[in-house]
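The structure file query-v5.tsv is reproduced below (TSV, N, CA and C atoms).
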chain	number	residue	atom	x	y	z
A	164	LYS	N	0.84	-1.18	0.00
A	164	LYS	CA	0.00	0.00	0.00
A	164	LYS	C	0.89	1.24	0.00
A	165	PRO	N	0.63	2.19	-0.89
A	165	PRO	CA	1.45	3.41	-0.94
A	165	PRO	C	1.32	4.23	0.35
A	166	LYS	N	2.43	4.81	0.76
A	166	LYS	CA	2.47	5.67	1.94
A	166	LYS	C	2.64	7.11	1.50
A	167	ASN	N	2.01	8.01	2.22
A	167	ASN	CA	2.14	9.43	1.95
A	167	ASN	C	3.36	9.94	2.71
A	168	VAL	N	4.39	10.39	1.99
A	168	VAL	CA	5.59	10.92	2.62
A	168	VAL	C	5.86	12.32	2.08
A	169	LYS	N	6.33	13.18	2.97
A	169	LYS	CA	6.62	14.56	2.57
A	169	LYS	C	8.04	14.95	2.92
A	170	THR	N	8.56	14.41	3.99
A	170	THR	CA	9.88	14.80	4.47
A	170	THR	C	10.81	13.60	4.55
A	171	GLU	N	12.07	13.88	4.76
A	171	GLU	CA	13.05	12.82	4.93
A	171	GLU	C	12.73	11.98	6.16
A	172	ASP	N	12.24	12.60	7.21
A	172	ASP	CA	11.85	11.85	8.41
A	172	ASP	C	10.78	10.81	8.08
A	173	ASP	N	9.82	11.18	7.24
A	173	ASP	CA	8.78	10.22	6.85
A	173	ASP	C	9.40	9.00	6.17
A	174	ILE	N	10.39	9.23	5.34
A	174	ILE	CA	11.05	8.12	4.64
A	174	ILE	C	11.86	7.27	5.60
A	175	LEU	N	12.55	7.92	6.52
A	175	LEU	CA	13.38	7.17	7.47
A	175	LEU	C	12.55	6.31	8.42
A	176	HIS	N	11.27	6.62	8.56
A	176	HIS	CA	10.41	5.82	9.43
A	176	HIS	C	9.70	4.68	8.70
A	177	LEU	N	9.95	4.54	7.40
A	177	LEU	CA	9.36	3.43	6.66
A	177	LEU	C	10.13	2.15	6.98
A	178	THR	N	9.42	1.04	7.03
A	178	THR	CA	10.08	-0.25	7.21
A	178	THR	C	10.62	-0.72	5.87
A	179	ASN	N	11.51	-1.71	5.90
A	179	ASN	CA	12.07	-2.24	4.65
A	179	ASN	C	10.98	-2.75	3.71
A	180	SER	N	9.93	-3.32	4.26
A	180	SER	CA	8.85	-3.84	3.40
A	180	SER	C	8.02	-2.71	2.80
A	181	GLU	N	8.06	-1.52	3.38
A	181	GLU	CA	7.31	-0.38	2.85
A	181	GLU	C	8.09	0.40	1.80
A	182	LEU	N	9.40	0.20	1.75
A	182	LEU	CA	10.23	0.91	0.78
A	182	LEU	C	10.11	0.27	-0.60
A	183	PRO	N	9.94	1.08	-1.64
A	183	PRO	CA	9.87	0.49	-2.99
A	183	PRO	C	11.24	0.01	-3.43
A	184	THR	N	11.28	-1.09	-4.17
A	184	THR	CA	12.55	-1.60	-4.70
A	184	THR	C	12.62	-1.41	-6.21
A	185	PHE	N	11.56	-0.84	-6.79
A	185	PHE	CA	11.51	-0.56	-8.22
A	185	PHE	C	11.79	-1.82	-9.03
A	186	GLY	N	11.02	-2.86	-8.74
A	186	GLY	CA	11.19	-4.13	-9.45
A	186	GLY	C	12.43	-4.88	-9.00
A	187	ASN	N	12.77	-4.76	-7.73
A	187	ASN	CA	13.93	-5.43	-7.13
A	187	ASN	C	15.27	-4.99	-7.73
A	188	VAL	N	15.36	-3.75	-8.20
A	188	VAL	CA	16.64	-3.26	-8.72
A	188	VAL	C	17.41	-2.44	-7.69
A	189	LEU	N	16.73	-2.00	-6.62
A	189	LEU	CA	17.41	-1.29	-5.53
A	189	LEU	C	17.19	-2.04	-4.23
A	190	LYS	N	18.25	-2.11	-3.42
A	190	LYS	CA	18.12	-2.68	-2.09
A	190	LYS	C	17.36	-1.67	-1.22
A	191	PRO	N	16.72	-2.12	-0.15
A	191	PRO	CA	15.98	-1.19	0.70
A	191	PRO	C	16.81	0.00	1.18
A	192	ALA	N	18.06	-0.21	1.54
A	192	ALA	CA	18.90	0.90	2.01
A	192	ALA	C	19.14	1.91	0.88
A	193	ASP	N	19.35	1.41	-0.33
A	193	ASP	CA	19.54	2.30	-1.48
A	193	ASP	C	18.24	3.03	-1.82
A	194	SER	N	17.14	2.32	-1.71
A	194	SER	CA	15.84	2.94	-1.98
A	194	SER	C	15.58	4.06	-0.98
A	195	GLU	N	15.86	3.82	0.27
A	195	GLU	CA	15.67	4.84	1.31
A	195	GLU	C	16.53	6.07	1.01
A	196	ARG	N	17.76	5.83	0.64
A	196	ARG	CA	18.67	6.93	0.34
A	196	ARG	C	18.18	7.71	-0.88
A	197	PHE	N	17.81	7.00	-1.95
A	197	PHE	CA	17.33	7.64	-3.17
A	197	PHE	C	16.07	8.47	-2.89
A	198	LEU	N	15.13	7.91	-2.17
A	198	LEU	CA	13.90	8.63	-1.87
A	198	LEU	C	14.16	9.86	-1.00
A	199	SER	N	15.12	9.76	-0.10
A	199	SER	CA	15.43	10.92	0.74
A	199	SER	C	16.00	12.06	-0.10
A	200	PHE	N	16.71	11.75	-1.18
A	200	PHE	CA	17.22	12.79	-2.08
A	200	PHE	C	16.07	13.57	-2.71
A	201	LEU	N	14.98	12.90	-2.97
A	201	LEU	CA	13.84	13.55	-3.62
A	201	LEU	C	13.18	14.59	-2.71
A	202	THR	N	13.45	14.52	-1.43
A	202	THR	CA	12.86	15.49	-0.49
A	202	THR	C	13.72	16.75	-0.34
A	203	ALA	N	14.87	16.79	-1.01
A	203	ALA	CA	15.79	17.92	-0.89
A	203	ALA	C	15.83	18.67	-2.23
A	204	PRO	N	14.90	19.58	-2.46
A	204	PRO	CA	14.76	20.15	-3.80
A	204	PRO	C	15.99	20.87	-4.34
A	205	TYR	N	16.71	21.61	-3.53
A	205	TYR	CA	17.80	22.40	-4.08
A	205	TYR	C	19.04	21.56	-4.41
A	206	ILE	N	19.24	20.47	-3.70
A	206	ILE	CA	20.43	19.64	-3.96
A	206	ILE	C	20.07	18.28	-4.55
A	207	ARG	N	18.83	18.14	-4.97
A	207	ARG	CA	18.35	16.87	-5.51
A	207	ARG	C	19.16	16.40	-6.72
A	208	ILE	N	19.41	17.28	-7.68
A	208	ILE	CA	20.06	16.87	-8.92
A	208	ILE	C	21.46	16.31	-8.69
A	209	PRO	N	22.35	17.02	-8.00
A	209	PRO	CA	23.68	16.43	-7.80
A	209	PRO	C	23.66	15.16	-6.95
A	210	LEU	N	22.76	15.09	-5.99
A	210	LEU	CA	22.69	13.88	-5.17
A	210	LEU	C	22.26	12.67	-6.00
A	211	ILE	N	21.27	12.84	-6.84
A	211	ILE	CA	20.78	11.73	-7.66
A	211	ILE	C	21.84	11.30	-8.68
A	212	LEU	N	22.46	12.27	-9.35
A	212	LEU	CA	23.49	11.92	-10.33
A	212	LEU	C	24.65	11.19	-9.67
A	213	ASP	N	25.09	11.68	-8.53
A	213	ASP	CA	26.20	11.03	-7.82
A	213	ASP	C	25.80	9.63	-7.35
A	214	PHE	N	24.58	9.48	-6.90
A	214	PHE	CA	24.08	8.19	-6.42
A	214	PHE	C	24.22	7.11	-7.50
A	215	PHE	N	23.85	7.45	-8.73
A	215	PHE	CA	23.91	6.45	-9.80
A	215	PHE	C	25.29	6.36	-10.45
A	216	ALA	N	26.00	7.47	-10.54
A	216	ALA	CA	27.26	7.48	-11.28
A	216	ALA	C	28.46	7.02	-10.46
A	217	ASN	N	28.50	7.33	-9.18
A	217	ASN	CA	29.72	7.11	-8.41
A	217	ASN	C	29.57	6.12	-7.26
A	218	GLY	N	28.48	5.43	-7.20
A	218	GLY	CA	28.28	4.47	-6.12
A	218	GLY	C	28.42	3.05	-6.61
A	219	ASP	N	27.65	2.19	-6.04
A	219	ASP	CA	27.60	0.79	-6.41
A	219	ASP	C	27.23	0.67	-7.89
A	220	PRO	N	28.03	-0.03	-8.70
A	220	PRO	CA	27.72	-0.16	-10.13
A	220	PRO	C	26.34	-0.78	-10.39
A	221	GLY	N	25.84	-1.54	-9.44
A	221	GLY	CA	24.52	-2.14	-9.59
A	221	GLY	C	23.41	-1.10	-9.63
A	222	ARG	N	23.66	0.06	-9.05
A	222	ARG	CA	22.64	1.12	-9.06
A	222	ARG	C	22.40	1.63	-10.47
A	223	LEU	N	23.48	1.80	-11.23
A	223	LEU	CA	23.34	2.29	-12.59
A	223	LEU	C	22.52	1.32	-13.43
A	224	SER	N	22.78	0.03	-13.27
A	224	SER	CA	21.99	-0.95	-14.01
A	224	SER	C	20.55	-0.98	-13.52
A	225	GLY	N	20.31	-0.44	-12.33
A	225	GLY	CA	18.94	-0.35	-11.82
A	225	GLY	C	18.07	0.58	-12.63
A	226	LEU	N	18.70	1.41	-13.43
A	226	LEU	CA	17.91	2.31	-14.27
A	226	LEU	C	17.20	1.58	-15.41
A	227	ARG	N	17.34	0.26	-15.45
A	227	ARG	CA	16.56	-0.52	-16.42
A	227	ARG	C	15.08	-0.56	-16.01
A	228	SER	N	14.81	-0.21	-14.77
A	228	SER	CA	13.44	-0.16	-14.28
A	228	SER	C	12.76	1.10	-14.83
A	229	LYS	N	11.68	0.91	-15.57
A	229	LYS	CA	10.98	2.05	-16.19
A	229	LYS	C	10.49	3.03	-15.13
A	230	SER	N	9.96	2.54	-14.01
A	230	SER	CA	9.46	3.45	-12.98
A	230	SER	C	10.60	4.28	-12.38
A	231	LEU	N	11.76	3.68	-12.20
A	231	LEU	CA	12.91	4.42	-11.69
A	231	LEU	C	13.40	5.44	-12.73
A	232	GLN	N	13.41	5.05	-14.00
A	232	GLN	CA	13.79	5.98	-15.07
A	232	GLN	C	12.90	7.21	-15.07
A	233	LEU	N	11.61	7.00	-14.94
A	233	LEU	CA	10.66	8.12	-14.97
A	233	LEU	C	10.86	9.07	-13.79
A	234	ILE	N	11.14	8.52	-12.62
A	234	ILE	CA	11.36	9.35	-11.44
A	234	ILE	C	12.64	10.15	-11.59
A	235	VAL	N	13.71	9.51	-12.05
A	235	VAL	CA	14.98	10.21	-12.23
A	235	VAL	C	14.83	11.30	-13.30
A	236	ASP	N	14.16	10.98	-14.39
A	236	ASP	CA	13.93	11.95	-15.45
A	236	ASP	C	13.16	13.16	-14.93
A	237	ALA	N	12.12	12.90	-14.17
A	237	ALA	CA	11.31	13.99	-13.62
A	237	ALA	C	12.13	14.84	-12.64
A	238	ALA	N	12.93	14.19	-11.81
A	238	ALA	CA	13.73	14.92	-10.83
A	238	ALA	C	14.81	15.78	-11.48
A	239	LEU	N	15.40	15.27	-12.56
A	239	LEU	CA	16.47	16.01	-13.21
A	239	LEU	C	15.96	17.15	-14.08
A	240	PHE	N	14.83	16.93	-14.74
A	240	PHE	CA	14.42	17.89	-15.75
A	240	PHE	C	13.16	18.69	-15.43
A	241	GLU	N	12.63	18.53	-14.23
A	241	GLU	CA	11.51	19.38	-13.88
A	241	GLU	C	12.00	20.82	-13.81
A	242	PRO	N	11.25	21.77	-14.31
A	242	PRO	CA	11.74	23.14	-14.31
A	242	PRO	C	11.82	23.76	-12.91
A	243	GLY	N	10.99	23.29	-12.00
A	243	GLY	CA	10.99	23.88	-10.66
A	243	GLY	C	10.25	25.20	-10.65
A	244	ARG	N	10.30	25.86	-9.53
A	244	ARG	CA	9.62	27.15	-9.41
A	244	ARG	C	10.44	28.23	-10.09
A	245	TRP	N	9.72	29.17	-10.71
A	245	TRP	CA	10.36	30.24	-11.47
A	245	TRP	C	10.42	31.51	-10.63
A	246	LYS	N	11.49	32.26	-10.84
A	246	LYS	CA	11.58	33.61	-10.26
A	246	LYS	C	12.26	34.50	-11.30
A	247	ALA	N	12.00	35.77	-11.22
A	247	ALA	CA	12.61	36.73	-12.14
A	247	ALA	C	14.13	36.76	-11.94
A	248	ALA	N	14.84	37.04	-13.01
A	248	ALA	CA	16.30	37.07	-12.94
A	248	ALA	C	16.81	38.18	-12.03
A	249	ASP	N	16.00	39.20	-11.81
A	249	ASP	CA	16.44	40.30	-10.95
A	249	ASP	C	15.99	40.14	-9.49
A	250	PHE	N	15.51	38.95	-9.12
A	250	PHE	CA	15.12	38.64	-7.74
A	250	PHE	C	16.37	38.69	-6.87
A	251	THR	N	16.33	39.48	-5.81
A	251	THR	CA	17.55	39.68	-5.01
A	251	THR	C	17.45	39.25	-3.55
A	252	GLU	N	16.31	38.75	-3.13
A	252	GLU	CA	16.18	38.35	-1.73
A	252	GLU	C	17.13	37.19	-1.42
A	253	VAL	N	17.72	37.20	-0.24
A	253	VAL	CA	18.67	36.16	0.16
A	253	VAL	C	18.20	35.50	1.45
A	254	VAL	N	18.75	34.34	1.73
A	254	VAL	CA	18.45	33.63	2.97
A	254	VAL	C	19.07	34.40	4.13
A	255	LYS	N	18.25	34.74	5.12
A	255	LYS	CA	18.73	35.49	6.28
A	255	LYS	C	18.66	34.68	7.57
A	256	GLU	N	17.97	33.54	7.52
A	256	GLU	CA	17.85	32.69	8.70
A	256	GLU	C	17.75	31.24	8.24
A	257	ILE	N	18.30	30.37	9.05
A	257	ILE	CA	18.23	28.94	8.76
A	257	ILE	C	17.75	28.25	10.01
A	258	PRO	N	16.75	27.42	9.96
A	258	PRO	CA	15.98	27.07	8.77
A	258	PRO	C	14.96	28.16	8.43
A	259	VAL	N	14.56	28.18	7.17
A	259	VAL	CA	13.50	29.09	6.73
A	259	VAL	C	12.19	28.38	7.05
A	260	LEU	N	11.46	28.90	8.00
A	260	LEU	CA	10.26	28.24	8.49
A	260	LEU	C	9.03	28.50	7.63
A	261	ASP	N	8.98	29.64	6.98
A	261	ASP	CA	7.86	29.98	6.12
A	261	ASP	C	8.02	29.24	4.79
A	262	GLU	N	7.13	28.29	4.53
A	262	GLU	CA	7.27	27.45	3.35
A	262	GLU	C	7.19	28.24	2.04
A	263	LYS	N	6.33	29.25	1.98
A	263	LYS	CA	6.23	30.08	0.76
A	263	LYS	C	7.54	30.82	0.51
A	264	LYS	N	8.12	31.35	1.57
A	264	LYS	CA	9.38	32.07	1.45
A	264	LYS	C	10.49	31.12	1.02
A	265	LEU	N	10.50	29.93	1.58
A	265	LEU	CA	11.51	28.93	1.21
A	265	LEU	C	11.42	28.60	-0.26
A	266	HIS	N	10.21	28.36	-0.77
A	266	HIS	CA	10.04	28.05	-2.18
A	266	HIS	C	10.49	29.21	-3.06
A	267	ALA	N	10.22	30.43	-2.65
A	267	ALA	CA	10.65	31.61	-3.41
A	267	ALA	C	12.18	31.70	-3.44
A	268	LEU	N	12.81	31.42	-2.31
A	268	LEU	CA	14.27	31.51	-2.24
A	268	LEU	C	14.96	30.41	-3.05
A	269	LEU	N	14.32	29.26	-3.19
A	269	LEU	CA	14.93	28.15	-3.92
A	269	LEU	C	14.54	28.11	-5.39
A	270	SER	N	13.76	29.06	-5.84
A	270	SER	CA	13.36	29.09	-7.25
A	270	SER	C	14.49	29.67	-8.11
A	271	THR	N	14.41	29.43	-9.41
A	271	THR	CA	15.45	29.89	-10.34
A	271	THR	C	14.83	30.53	-11.57
A	272	PRO	N	15.56	31.41	-12.24
A	272	PRO	CA	15.00	32.04	-13.44
A	272	PRO	C	15.00	31.14	-14.68
A	273	LEU	N	15.82	30.08	-14.71
A	273	LEU	CA	15.91	29.26	-15.91
A	273	LEU	C	15.77	27.76	-15.66
A	274	GLY	N	15.33	27.36	-14.51
A	274	GLY	CA	15.13	25.94	-14.22
A	274	GLY	C	16.25	25.36	-13.38
A	275	ASN	N	15.94	24.25	-12.73
A	275	ASN	CA	16.88	23.63	-11.79
A	275	ASN	C	18.14	23.10	-12.46
A	276	MET	N	17.98	22.38	-13.58
A	276	MET	CA	19.16	21.81	-14.24
A	276	MET	C	20.08	22.92	-14.75
A	277	PHE	N	19.51	23.94	-15.36
A	277	PHE	CA	20.33	25.05	-15.83
A	277	PHE	C	21.04	25.73	-14.67
A	278	ASN	N	20.37	25.86	-13.56
A	278	ASN	CA	20.98	26.45	-12.37
A	278	ASN	C	22.18	25.63	-11.91
A	279	GLU	N	22.05	24.31	-11.92
A	279	GLU	CA	23.17	23.44	-11.55
A	279	GLU	C	24.33	23.61	-12.52
A	280	ILE	N	24.03	23.68	-13.81
A	280	ILE	CA	25.08	23.84	-14.81
A	280	ILE	C	25.79	25.18	-14.62
A	281	ALA	N	25.03	26.22	-14.32
A	281	ALA	CA	25.61	27.55	-14.16
A	281	ALA	C	26.36	27.72	-12.84
A	282	LYS	N	25.83	27.16	-11.76
A	282	LYS	CA	26.37	27.42	-10.42
A	282	LYS	C	27.37	26.38	-9.92
A	283	SER	N	27.18	25.13	-10.28
A	283	SER	CA	28.10	24.08	-9.78
A	283	SER	C	28.27	22.97	-10.82
A	284	PRO	N	28.90	23.30	-11.94
A	284	PRO	CA	29.04	22.32	-13.01
A	284	PRO	C	29.95	21.15	-12.67
A	285	ASP	N	30.87	21.30	-11.72
A	285	ASP	CA	31.81	20.23	-11.39
A	285	ASP	C	31.09	18.96	-10.96
A	286	VAL	N	30.06	19.09	-10.17
A	286	VAL	CA	29.33	17.92	-9.70
A	286	VAL	C	28.71	17.19	-10.89
A	287	LEU	N	28.14	17.93	-11.80
A	287	LEU	CA	27.49	17.31	-12.94
A	287	LEU	C	28.49	16.66	-13.87
A	288	THR	N	29.59	17.33	-14.14
A	288	THR	CA	30.56	16.78	-15.09
A	288	THR	C	31.29	15.55	-14.54
A	289	THR	N	31.46	15.46	-13.24
A	289	THR	CA	32.11	14.26	-12.68
A	289	THR	C	31.19	13.05	-12.72
A	290	CYS	N	29.91	13.28	-12.92
A	290	CYS	CA	28.94	12.19	-12.96
A	290	CYS	C	28.65	11.70	-14.38
A	291	VAL	N	29.19	12.40	-15.35
A	291	VAL	CA	28.89	12.04	-16.75
A	291	VAL	C	30.03	11.21	-17.31

Just give me the structure of the file as C-alpha coordinates.
Amino acid sequence: KPKNVKTEDDILHLTNSELPTFGNVLKPADSERFLSFLTAPYIRIPLILDFFANGDPGRLSGLRSKSLQLIVDAALFEPGRWKAADFTEVVKEIPVLDEKKLHALLSTPLGNMFNEIAKSPDVLTTCV
(Lines of atoms letter the chains of each structure in order from A and count residues from 1; the text may use other names and numbers.)
(Lines give C-alpha, C1' and ligand atoms only; values in the text may rest on other atoms or scores of the structure.)
Protein backbone atom coordinates (compact mmCIF):
# COMPACT_ATOMS: atom_id res chain seq x y z
CA LYS A 1 0.00 0.00 0.00
CA PRO A 2 1.45 3.41 -0.94
CA LYS A 3 2.47 5.67 1.94
CA ASN A 4 2.14 9.43 1.95
CA VAL A 5 5.59 10.92 2.62
CA LYS A 6 6.62 14.56 2.57
CA THR A 7 9.88 14.80 4.47
CA GLU A 8 13.05 12.82 4.93
CA ASP A 9 11.85 11.85 8.41
CA ASP A 10 8.78 10.22 6.85
CA ILE A 11 11.05 8.12 4.64
CA LEU A 12 13.38 7.17 7.47
CA HIS A 13 10.41 5.82 9.43
CA LEU A 14 9.36 3.43 6.66
CA THR A 15 10.08 -0.25 7.21
CA ASN A 16 12.07 -2.24 4.65
CA SER A 17 8.85 -3.84 3.40
CA GLU A 18 7.31 -0.38 2.85
CA LEU A 19 10.23 0.91 0.78
CA PRO A 20 9.87 0.49 -2.99
CA THR A 21 12.55 -1.60 -4.70
CA PHE A 22 11.51 -0.56 -8.22
CA GLY A 23 11.19 -4.13 -9.45
CA ASN A 24 13.93 -5.43 -7.13
CA VAL A 25 16.64 -3.26 -8.72
CA LEU A 26 17.41 -1.29 -5.53
CA LYS A 27 18.12 -2.68 -2.09
CA PRO A 28 15.98 -1.19 0.70
CA ALA A 29 18.90 0.90 2.01
CA ASP A 30 19.54 2.30 -1.48
CA SER A 31 15.84 2.94 -1.98
CA GLU A 32 15.67 4.84 1.31
CA ARG A 33 18.67 6.93 0.34
CA PHE A 34 17.33 7.64 -3.17
CA LEU A 35 13.90 8.63 -1.87
CA SER A 36 15.43 10.92 0.74
CA PHE A 37 17.22 12.79 -2.08
CA LEU A 38 13.84 13.55 -3.62
CA THR A 39 12.86 15.49 -0.49
CA ALA A 40 15.79 17.92 -0.89
CA PRO A 41 14.76 20.15 -3.80
CA TYR A 42 17.80 22.40 -4.08
CA ILE A 43 20.43 19.64 -3.96
CA ARG A 44 18.35 16.87 -5.51
CA ILE A 45 20.06 16.87 -8.92
CA PRO A 46 23.68 16.43 -7.80
CA LEU A 47 22.69 13.88 -5.17
CA ILE A 48 20.78 11.73 -7.66
CA LEU A 49 23.49 11.92 -10.33
CA ASP A 50 26.20 11.03 -7.82
CA PHE A 51 24.08 8.19 -6.42
CA PHE A 52 23.91 6.45 -9.80
CA ALA A 53 27.26 7.48 -11.28
CA ASN A 54 29.72 7.11 -8.41
CA GLY A 55 28.28 4.47 -6.12
CA ASP A 56 27.60 0.79 -6.41
CA PRO A 57 27.72 -0.16 -10.13
CA GLY A 58 24.52 -2.14 -9.59
CA ARG A 59 22.64 1.12 -9.06
CA LEU A 60 23.34 2.29 -12.59
CA SER A 61 21.99 -0.95 -14.01
CA GLY A 62 18.94 -0.35 -11.82
CA LEU A 63 17.91 2.31 -14.27
CA ARG A 64 16.56 -0.52 -16.42
CA SER A 65 13.44 -0.16 -14.28
CA LYS A 66 10.98 2.05 -16.19
CA SER A 67 9.46 3.45 -12.98
CA LEU A 68 12.91 4.42 -11.69
CA GLN A 69 13.79 5.98 -15.07
CA LEU A 70 10.66 8.12 -14.97
CA ILE A 71 11.36 9.35 -11.44
CA VAL A 72 14.98 10.21 -12.23
CA ASP A 73 13.93 11.95 -15.45
CA ALA A 74 11.31 13.99 -13.62
CA ALA A 75 13.73 14.92 -10.83
CA LEU A 76 16.47 16.01 -13.21
CA PHE A 77 14.42 17.89 -15.75
CA GLU A 78 11.51 19.38 -13.88
CA PRO A 79 11.74 23.14 -14.31
CA GLY A 80 10.99 23.88 -10.66
CA ARG A 81 9.62 27.15 -9.41
CA TRP A 82 10.36 30.24 -11.47
CA LYS A 83 11.58 33.61 -10.26
CA ALA A 84 12.61 36.73 -12.14
CA ALA A 85 16.30 37.07 -12.94
CA ASP A 86 16.44 40.30 -10.95
CA PHE A 87 15.12 38.64 -7.74
CA THR A 88 17.55 39.68 -5.01
CA GLU A 89 16.18 38.35 -1.73
CA VAL A 90 18.67 36.16 0.16
CA VAL A 91 18.45 33.63 2.97
CA LYS A 92 18.73 35.49 6.28
CA GLU A 93 17.85 32.69 8.70
CA ILE A 94 18.23 28.94 8.76
CA PRO A 95 15.98 27.07 8.77
CA VAL A 96 13.50 29.09 6.73
CA LEU A 97 10.26 28.24 8.49
CA ASP A 98 7.86 29.98 6.12
CA GLU A 99 7.27 27.45 3.35
CA LYS A 100 6.23 30.08 0.76
CA LYS A 101 9.38 32.07 1.45
CA LEU A 102 11.51 28.93 1.21
CA HIS A 103 10.04 28.05 -2.18
CA ALA A 104 10.65 31.61 -3.41
CA LEU A 105 14.27 31.51 -2.24
CA LEU A 106 14.93 28.15 -3.92
CA SER A 107 13.36 29.09 -7.25
CA THR A 108 15.45 29.89 -10.34
CA PRO A 109 15.00 32.04 -13.44
CA LEU A 110 15.91 29.26 -15.91
CA GLY A 111 15.13 25.94 -14.22
CA ASN A 112 16.88 23.63 -11.79
CA MET A 113 19.16 21.81 -14.24
CA PHE A 114 20.33 25.05 -15.83
CA ASN A 115 20.98 26.45 -12.37
CA GLU A 116 23.17 23.44 -11.55
CA ILE A 117 25.08 23.84 -14.81
CA ALA A 118 25.61 27.55 -14.16
CA LYS A 119 26.37 27.42 -10.42
CA SER A 120 28.10 24.08 -9.78
CA PRO A 121 29.04 22.32 -13.01
CA ASP A 122 31.81 20.23 -11.39
CA VAL A 123 29.33 17.92 -9.70
CA LEU A 124 27.49 17.31 -12.94
CA THR A 125 30.56 16.78 -15.09
CA THR A 126 32.11 14.26 -12.68
CA CYS A 127 28.94 12.19 -12.96
CA VAL A 128 28.89 12.04 -16.75

message: Just the number, please: distance in Å from atom CA of Phe185 of chain A to atom CA of Pro204 of chain A, one decimal.
response: 21.4 Å

- prompt: Just how far from atom CA of Asp193 of chain A is atom CA of Phe215 of chain A, in Å to one decimal?
  reply: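 If I compute the distance from atom CA of Phe215 of chain A to atom CA of Asp193 of chain A, I get 10.3 Å.
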
message: Which residues are close to Phe200 of chain A, i.e. within 7 Å by only N, CA and C atoms, leaving aside same-chain residues fewer than 6 positions away? Reply as a list in words.
response: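 Result of the neighbour search: Ile206, Arg207, Leu210 and Ile211 of chain A.
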
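Between atom CA of Glu181 of chain A and atom N of Ile234 of chain A lies a distance of 18.3 Å.
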
- prompt: Quick one: DSSP helix (DSSP H, G or I) residues in chain A, as a VMD selection string?
  reply: chain A and resid 171 to 175 191 to 201 207 to 216 220 to 227 229 to 240 262 to 268 275 to 282 284 to 289

- prompt: Taking all atoms listed in the file into account, which of A:Glu241, A:Glu262, A:Asp249, A:Asp213 comes nearest Leu287 of chain A?
  reply: A:Asp213

task: Using all atoms listed in the file, find the one residue out of A:Leu260, A:Ala216, A:Leu268, A:Ala237 that sits nearest to Thr289 of chain A.
output: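 Of the candidates, the smallest distance to Thr289 of chain A is held by A:Ala216.
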
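Compared by their closest atoms to Leu273 of chain A, and using only N, CA and C atoms, the residues A:Ala192, A:Ala247, A:Leu198, A:Val235 rank with A:Ala247 nearest.
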
- request: Considering all atoms listed in the file, state which residue in the set A:Pro209, A:Glu171, A:Glu252, A:Ser228 is at the smallest distance from Glu279 of chain A.
  value: A:Pro209

field: Residue contacts of Gly274 of chain A (8 Å, all atoms listed in the file) excluding same-chain residues fewer than 6 positions away, as JSON, numbers by chain
entry: {"A": [240, 241, 242, 243, 244, 245, 246, 280]}
